[in-house]
$ cat coords.txt   # compact mmCIF, C-alpha atoms
# COMPACT_ATOMS: atom_id res chain seq x y z
CA MET A 33 -14.62 10.59 28.11
CA ALA A 34 -17.96 12.38 28.44
CA PHE A 35 -18.53 15.74 26.76
CA LEU A 36 -21.06 18.42 27.65
CA THR A 37 -23.76 19.05 25.07
CA LYS A 38 -25.01 22.54 24.24
CA ASP A 39 -28.10 21.84 26.37
CA ASP A 40 -25.83 20.89 29.28
CA VAL A 41 -23.85 24.12 28.92
CA ASP A 42 -27.03 26.22 28.72
CA ALA A 43 -28.44 24.51 31.80
CA LEU A 44 -25.19 25.08 33.72
CA LYS A 45 -25.12 28.75 32.70
CA ALA A 46 -28.75 29.20 33.81
CA TYR A 47 -27.96 27.53 37.14
CA VAL A 48 -24.88 29.67 37.81
CA THR A 49 -26.50 32.97 36.84
CA GLY A 50 -30.07 32.27 37.91
CA ALA A 51 -31.79 34.27 40.62
CA ASP A 52 -32.23 31.20 42.81
CA SER A 53 -28.74 29.87 42.22
CA GLY A 54 -26.49 29.33 45.19
CA PHE A 55 -23.69 30.87 43.14
CA ALA A 56 -25.79 33.95 42.32
CA CYS A 57 -26.73 34.44 45.99
CA GLN A 58 -23.03 34.29 46.94
CA SER A 59 -21.89 34.33 50.57
CA ASP A 60 -23.79 36.10 53.33
CA SER A 61 -21.13 38.82 53.50
CA THR A 62 -21.28 39.73 49.79
CA VAL A 63 -23.73 42.17 48.23
CA ARG A 64 -24.33 42.89 44.52
CA LEU A 65 -24.70 46.58 43.77
CA HIS A 66 -25.07 48.81 40.70
CA LEU A 67 -22.98 51.94 40.16
CA THR A 68 -23.83 55.37 38.79
CA HIS A 69 -21.62 58.45 38.53
CA SER A 70 -22.34 62.15 38.62
CA ASN A 71 -20.17 62.89 35.57
CA LEU A 72 -20.67 59.75 33.51
CA LYS A 73 -23.62 58.53 31.48
CA ALA A 74 -22.27 55.01 31.05
CA LYS A 75 -23.89 52.16 32.95
CA PHE A 76 -21.42 50.16 35.00
CA MET A 77 -21.47 46.40 35.36
CA GLU A 78 -22.85 45.03 38.59
CA ILE A 79 -20.16 45.00 41.26
CA ARG A 80 -19.79 42.67 44.24
CA LEU A 81 -18.66 44.17 47.54
CA ASP A 82 -17.93 42.66 50.91
CA MET A 83 -20.13 43.92 53.73
CA HIS A 84 -17.06 43.87 56.02
CA SER A 85 -15.19 46.37 53.82
CA THR A 86 -14.88 49.88 55.16
CA ILE A 87 -16.34 52.74 53.13
CA GLU A 88 -12.79 53.97 52.60
CA SER A 89 -11.75 50.65 51.00
CA VAL A 90 -14.96 50.64 48.95
CA LYS A 91 -14.03 54.07 47.56
CA VAL A 92 -10.56 52.83 46.63
CA LYS A 93 -12.07 49.88 44.80
CA LEU A 94 -14.58 52.10 42.99
CA SER A 95 -11.83 54.48 41.88
CA PHE A 96 -10.52 51.75 39.57
CA HIS A 97 -13.94 51.52 37.93
CA CYS A 98 -14.73 55.19 37.39
CA GLY A 99 -11.42 57.10 37.52
CA THR A 100 -12.46 59.38 40.38
CA ASN A 101 -9.92 59.72 43.18
CA ALA A 102 -11.12 58.09 46.40
CA GLY A 103 -10.55 61.31 48.32
CA SER A 104 -12.89 63.19 45.95
CA MET A 105 -15.83 60.80 46.28
CA VAL A 106 -19.13 61.28 48.06
CA LEU A 107 -21.16 58.06 48.05
CA ASN A 108 -24.93 57.76 48.33
CA LEU A 109 -26.82 54.49 48.69
CA LEU A 110 -29.99 54.31 46.56
CA ASP A 111 -32.74 51.69 46.62
CA GLU A 112 -33.92 49.63 43.65
CA GLU A 113 -36.10 52.52 42.45
CA GLY A 114 -33.28 55.04 42.63
CA ASN A 115 -34.53 56.69 45.81
CA MET A 116 -32.08 57.93 48.40
CA MET A 117 -31.55 55.52 51.31
CA THR A 118 -28.56 57.04 53.08
CA PRO A 119 -25.25 58.77 52.41
CA LEU A 120 -22.18 56.61 53.04
CA TRP A 121 -20.51 59.48 54.86
CA ASP A 122 -18.26 57.76 57.42
CA ASP A 123 -15.15 56.26 55.84
CA SER A 124 -14.39 54.26 58.97
CA LYS A 125 -17.75 52.46 58.99
CA LYS A 126 -18.17 49.12 57.31
CA LEU A 127 -20.46 48.82 54.30
CA GLY A 128 -22.75 46.46 56.21
CA PHE A 129 -23.48 49.22 58.72
CA TYR A 130 -25.67 50.90 56.07
CA SER A 131 -27.61 47.67 55.30
CA PRO A 132 -27.30 47.59 51.48
CA ARG A 133 -29.11 44.78 49.67
CA ASP A 134 -28.76 43.15 46.28
CA GLY A 135 -30.03 45.41 43.52
CA CYS A 136 -29.32 48.70 45.32
CA THR A 137 -27.12 51.36 43.73
CA ILE A 138 -24.12 53.30 44.93
CA HIS A 139 -24.16 56.74 43.34
CA ILE A 140 -20.71 58.31 43.12
CA ILE A 141 -20.48 62.10 43.29
CA ASP A 142 -17.17 63.47 41.99
CA THR A 143 -16.31 66.65 43.93
CA ASP A 144 -13.04 67.34 42.08
CA PRO A 145 -13.58 70.24 39.62
CA THR A 146 -10.43 69.18 37.73
CA SER A 147 -11.47 65.53 37.49
CA ALA A 148 -10.83 63.84 34.16
CA SER A 149 -14.51 62.84 34.07
CA THR A 150 -15.78 66.43 34.30
CA GLY A 151 -17.56 67.69 31.20
CA GLY A 152 -17.67 64.26 29.56
CA TRP A 153 -13.94 63.97 28.90
CA LEU A 154 -13.93 60.23 29.63
CA GLU A 155 -16.87 59.51 27.28
CA ASP A 156 -17.21 62.17 24.57
CA THR A 157 -14.44 61.52 22.05
CA SER A 158 -15.39 64.66 20.12
CA LEU A 159 -13.84 66.68 22.94
CA VAL A 160 -10.44 65.13 22.35
CA GLU A 161 -8.28 67.03 19.89
CA LYS A 162 -7.38 64.73 17.02
CA TYR A 163 -3.92 64.61 15.53
CA LYS A 164 -4.02 66.08 12.04
CA MET A 165 -1.40 65.96 9.33
CA SER A 166 -1.34 68.04 6.16
CA ASP A 167 -0.99 66.38 2.76
CA GLU A 168 2.41 68.03 2.39
CA GLU A 169 3.68 66.49 5.61
CA TYR A 170 2.18 63.11 4.77
CA ASN A 171 3.80 63.11 1.33
CA LYS A 172 7.20 63.63 2.96
CA ARG A 173 6.89 60.32 4.81
CA GLU A 174 8.32 57.09 3.48
CA LYS A 175 6.59 53.71 3.33
CA THR A 176 3.07 55.14 3.48
CA TYR A 177 0.00 53.54 1.90
CA ARG A 178 -0.24 56.43 -0.55
CA LYS A 179 3.28 55.87 -1.88
CA TRP A 180 2.80 52.13 -1.97
CA LYS A 181 -0.40 52.57 -3.98
CA GLU A 182 1.30 55.00 -6.38
CA GLN A 183 4.07 52.49 -7.02
CA LYS A 184 1.57 49.69 -7.59
CA LEU A 185 -0.33 51.77 -10.15
CA LYS A 186 2.93 52.70 -11.82
CA ASP A 187 3.78 49.01 -12.20
CA ASP A 188 0.24 48.03 -13.23
CA ALA A 189 -2.30 50.62 -14.38
CA THR A 190 -5.14 48.14 -13.69
CA TRP A 191 -4.07 47.54 -10.07
CA THR A 192 -6.72 47.61 -7.38
CA LEU A 193 -6.63 46.71 -3.69
CA GLU A 194 -9.11 43.91 -4.40
CA LYS A 195 -6.73 42.51 -7.01
CA GLU A 196 -3.79 42.75 -4.57
CA MET A 197 -5.69 40.84 -1.87
CA ALA A 198 -6.70 38.13 -4.34
CA ILE A 199 -3.06 37.63 -5.34
CA ARG A 200 -1.93 37.41 -1.72
CA ARG A 201 -4.64 34.89 -0.88
CA GLY A 202 -3.97 32.82 -3.98
CA GLN A 203 -7.51 33.41 -5.25
CA PRO A 204 -8.67 34.01 -8.85
CA LEU A 205 -8.30 37.63 -9.90
CA PRO A 206 -11.54 39.65 -9.87
CA THR A 207 -13.13 40.43 -13.21
CA PRO A 208 -12.21 44.00 -14.18
CA ALA A 209 -15.14 46.38 -14.11
CA VAL A 210 -16.29 47.55 -17.52
CA ALA A 211 -16.02 51.31 -17.80
CA PRO A 212 -19.33 52.98 -18.73
CA ILE A 213 -19.55 54.34 -22.27
CA THR A 214 -19.57 58.14 -22.29
CA ASP A 215 -19.06 58.78 -26.03
CA PRO A 216 -22.40 59.30 -27.85
CA GLU A 217 -20.66 58.38 -31.12
CA HIS A 218 -19.43 55.04 -29.83
CA LEU A 219 -18.98 52.59 -32.77
CA ALA A 220 -20.15 55.18 -35.34
CA THR A 221 -17.46 54.04 -37.81
CA GLU A 222 -18.58 50.40 -37.64
CA ALA A 223 -22.25 51.40 -37.92
CA ALA A 224 -21.56 53.42 -41.09
CA THR A 225 -20.77 50.20 -42.99
CA ILE A 226 -24.13 48.60 -42.16
CA LYS A 227 -27.39 49.32 -44.02
CA VAL A 228 -31.02 48.42 -43.36
CA GLY A 229 -31.83 45.34 -45.48
CA ASP A 230 -28.35 43.81 -45.23
CA ARG A 231 -28.13 40.13 -44.48
CA CYS A 232 -26.02 39.53 -41.39
CA CYS A 233 -24.46 36.98 -39.09
CA VAL A 234 -24.41 37.75 -35.36
CA ASP A 235 -21.81 36.51 -32.89
CA PRO A 236 -21.81 34.50 -30.74
CA GLY A 237 -23.70 31.60 -32.27
CA GLU A 238 -23.58 32.65 -35.95
CA ARG A 239 -27.24 33.61 -35.81
CA ARG A 240 -28.46 34.88 -39.15
CA GLY A 241 -31.00 37.53 -39.97
CA ILE A 242 -31.69 40.80 -41.70
CA VAL A 243 -30.79 44.31 -40.53
CA LYS A 244 -33.91 46.34 -39.70
CA PHE A 245 -32.42 49.34 -37.92
CA VAL A 246 -29.09 51.18 -37.52
CA GLY A 247 -28.69 54.12 -35.16
CA LYS A 248 -28.93 55.40 -31.60
CA ILE A 249 -31.74 54.32 -29.28
CA ASP A 250 -33.09 56.17 -26.26
CA GLY A 251 -33.10 53.86 -23.27
CA LEU A 252 -29.99 51.92 -24.28
CA PRO A 253 -26.36 52.84 -23.49
CA LEU A 254 -24.78 55.60 -25.56
CA GLY A 255 -23.55 54.87 -29.06
CA PHE A 256 -24.86 53.01 -32.12
CA TRP A 257 -26.99 49.89 -32.20
CA VAL A 258 -28.17 47.52 -34.94
CA GLY A 259 -31.67 46.05 -34.89
CA VAL A 260 -31.81 42.53 -36.31
CA HIS A 261 -34.79 40.39 -37.33
CA TYR A 262 -33.48 36.84 -36.89
CA ASP A 263 -34.45 34.03 -39.23
CA GLU A 264 -35.28 31.87 -36.21
CA PRO A 265 -36.61 32.70 -32.72
CA LEU A 266 -33.15 33.29 -31.28
CA GLY A 267 -33.69 36.88 -30.17
CA LYS A 268 -34.83 38.60 -27.01
CA ASN A 269 -37.69 40.84 -28.10
CA ASP A 270 -40.13 41.89 -30.84
CA GLY A 271 -38.15 44.87 -32.07
CA SER A 272 -39.10 47.02 -29.06
CA VAL A 273 -36.97 48.75 -26.42
CA LYS A 274 -38.70 49.51 -23.12
CA GLY A 275 -42.09 49.52 -24.79
CA LYS A 276 -41.03 51.66 -27.78
CA LYS A 277 -41.28 49.91 -31.16
CA ILE A 278 -38.11 50.33 -33.26
CA PHE A 279 -38.96 47.77 -35.97
CA ASP A 280 -41.56 45.06 -36.51
CA CYS A 281 -40.95 41.36 -36.02
CA PRO A 282 -42.54 38.46 -34.08
CA SER A 283 -41.74 38.11 -30.40
CA GLY A 284 -38.43 36.31 -29.85
CA TYR A 285 -37.15 37.13 -33.34
CA GLY A 286 -35.72 40.58 -32.57
CA GLY A 287 -32.48 41.76 -31.04
CA PHE A 288 -30.32 44.87 -30.69
CA ILE A 289 -26.61 44.32 -31.16
CA ARG A 290 -23.55 46.51 -31.15
CA PRO A 291 -22.20 47.05 -34.71
CA ASP A 292 -18.92 45.28 -33.93
CA LYS A 293 -20.75 42.08 -32.98
CA LEU A 294 -22.14 41.26 -36.42
CA LYS A 295 -20.96 40.81 -40.02
CA THR A 296 -22.93 41.71 -43.13
CA GLY A 297 -22.69 39.92 -46.46
CA ASP A 298 -23.89 36.75 -48.14
CA PHE A 299 -25.55 34.98 -45.23
CA PRO A 300 -28.66 33.17 -46.56
CA PRO A 301 -31.21 31.73 -44.09
CA ILE A 302 -30.45 28.36 -42.50
CA ASP A 303 -32.74 26.11 -40.52
CA GLU A 304 -30.45 24.05 -38.34
CA PHE A 305 -27.35 23.99 -36.19
CA ALA A 306 -27.98 27.54 -34.94
CA SER A 307 -26.72 28.11 -31.38
CA ASP A 308 -28.91 29.76 -28.80
CA ASP A 309 -25.96 31.32 -26.96
CA LEU A 310 -26.56 35.01 -26.30
CA GLY A 311 -23.78 37.54 -25.86
CA GLU A 312 -23.37 40.16 -23.14
CA ASP A 313 -23.35 42.90 -25.78
CA GLU A 314 -26.88 42.08 -26.97
CA LEU A 315 -30.07 43.55 -25.55

$ encode --input "coords.txt" --output "structure tokens"
Amino acid sequence: MAFLTKDDVDALKAYVTGADSGFACQSDSTVRLHLTHSNLKAKFMEIRLDMHSTIESVKVKLSFHCGTNAGSMVLNLLDEEGNMMTPLWDDSKKLGFYSPRDGCTIHIIDTDPTSASTGGWLEDTSLVEKYKMSDEEYNKREKTYRKWKEQKLKDDATWTLEKEMAIRRGQPLPTPAVAPITDPEHLATEAATIKVGDRCCVDPGERRGIVKFVGKIDGLPLGFWVGVHYDEPLGKNDGSVKGKKIFDCPSGYGGFIRPDKLKTGDFPPIDEFASDDLGEDEL
């Protein structure tokens, strides 16, 4: 069985829709016309009409496209440039009597002052009064999203819609977002037990060094930080934060760690087996 390739399909489409296509030219009694409407801004798709159709039957057909009653229509035939050719005034005449050609336009004038298209009512959704419900009325309803969400949060305080969708799809649960720190005294108790000059061991990786700074730092998240001069080049900086020097050490030997991520005590320097893993709580 032979199958059409994409090139074959494109070539067939170009042939069917092309200007020189026998399909595009249609039969001798068919004409392709554009439509415009006195009350509507929308552009209509090209319509095909039979030259043997009476103007009355043309109006009936057009009524299904624009919503204007056939008895309220006045039709004008315009040329390709939008210039007036002739009014289609006699309903008993056939369309071919007015000699339309492909590319011409039939302009529909809606004479009904109560027409649904008057004043943009068929296009401007802002004119349509929207249904509104007060919070009190909404809260009285059962099986609403609001009540469902409230129940979910009651069952699980960490519930989110993203988490719900992951469960339903059988996907791994999303990583919970870390709440930003808003307390300027964050980890003050832990910091109070650490002194400049203390030997320390930093997790992860059991990296050893000496404490060079304890306190708050402009440019880092709120709370207390500990500046460490590592024994080996396992750090991220030279004791500076955003260009401001906090303590002195060679580049790559400095780091700023949260107080709860290190231990102080008898941690003499070592030269080997130190991990280069860096934690998310180190800057």

$ closest_residue --input "coords.txt" --among "A:Cys136, A:Cys232, A:Met77, A:Ile141" --to "Ala102 in chain A" --atoms "all atoms listed in the file"
A:Ile141

$ closest_residue --input "coords.txt" --among "A:Asp270, A:Asp142, A:Asp134, A:Asp122" --to "His69 in chain A" --atoms "all atoms listed in the file"
A:Asp142

$ atom_distance --input "coords.txt" --atom1 "CA of Asn171 in chain A" --atom2 "CA of Thr190 in chain A"
23.0 Å

$ closest_residue --input "coords.txt" --among "A:Ser85, A:Ser272, A:Thr225, A:Gln203" --to "Phe256 in chain A" --atoms "only C-alpha atoms"
A:Thr225

$ closest_residue --input "coords.txt" --among "A:His84, A:Lys181, A:Lys195, A:Arg133" --to "Leu110 in chain A" --atoms "all atoms listed in the file"
A:Arg133

$ atom_distance --input "coords.txt" --atom1 "CA of Glu88 in chain A" --atom2 "CA of Glu112 in chain A"
23.4 Å

$ atom_distance --input "coords.txt" --atom1 "CA of Gly297 in chain A" --atom2 "CA of Trp257 in chain A"
17.9 Å

$ residues_around --input "coords.txt" --residues "Leu81 in chain A" --least-positions-apart "3" --cutoff "8 Å" --atoms "all atoms listed in the file" --output "list of chain:residue names"
A:Thr62, A:Val63, A:Arg64, A:Leu65, A:Ser85, A:Val90

$ residues_around --input "coords.txt" --residues "Glu264 in chain A" --least-positions-apart "2" --cutoff "9 Å" --atoms "only C-alpha atoms" --output "PDB file with C-alpha atoms, in the coordinates of the input"
ATOM      1  CA  ARG A 239     -27.240  33.610 -35.810  1.00  0.00           C
ATOM      2  CA  ARG A 240     -28.460  34.880 -39.150  1.00  0.00           C
ATOM      3  CA  GLY A 241     -31.000  37.530 -39.970  1.00  0.00           C
ATOM      4  CA  HIS A 261     -34.790  40.390 -37.330  1.00  0.00           C
ATOM      5  CA  TYR A 262     -33.480  36.840 -36.890  1.00  0.00           C
ATOM      6  CA  LEU A 266     -33.150  33.290 -31.280  1.00  0.00           C
ATOM      7  CA  GLY A 267     -33.690  36.880 -30.170  1.00  0.00           C
ATOM      8  CA  GLY A 284     -38.430  36.310 -29.850  1.00  0.00           C
ATOM      9  CA  TYR A 285     -37.150  37.130 -33.340  1.00  0.00           C
ATOM     10  CA  PRO A 301     -31.210  31.730 -44.090  1.00  0.00           C
ATOM     11  CA  ILE A 302     -30.450  28.360 -42.500  1.00  0.00           C
ATOM     12  CA  ASP A 303     -32.740  26.110 -40.520  1.00  0.00           C
ATOM     13  CA  ALA A 306     -27.980  27.540 -34.940  1.00  0.00           C
TER      14      ALA A 306
END

$ closest_residue --input "coords.txt" --among "A:Gly99, A:Gly286, A:Pro300, A:Pro132" --to "Ser61 in chain A" --atoms "all atoms listed in the file"
A:Pro132

$ closest_residue --input "coords.txt" --among "A:Gly135, A:Asp250, A:Met83, A:Ser124" --to "Leu67 in chain A" --atoms "all atoms listed in the file"
A:Gly135

$ axis_aligned_box --input "coords.txt" --around "range 234-247 of chain A" --padding-each-side "3 Å" --output "AutoDock Vina command-line options"
--center_x -27.9 --center_y 42.9 --center_z -36.2 --size_x 18.1 --size_y 28.5 --size_z 17.0

$ residues_around --input "coords.txt" --residues "Leu219 in chain A" --least-positions-apart "6" --cutoff "10 Å" --atoms "only C-alpha atoms" --output "MDAnalysis selection string"
chainID A and resid 254:257 290:292
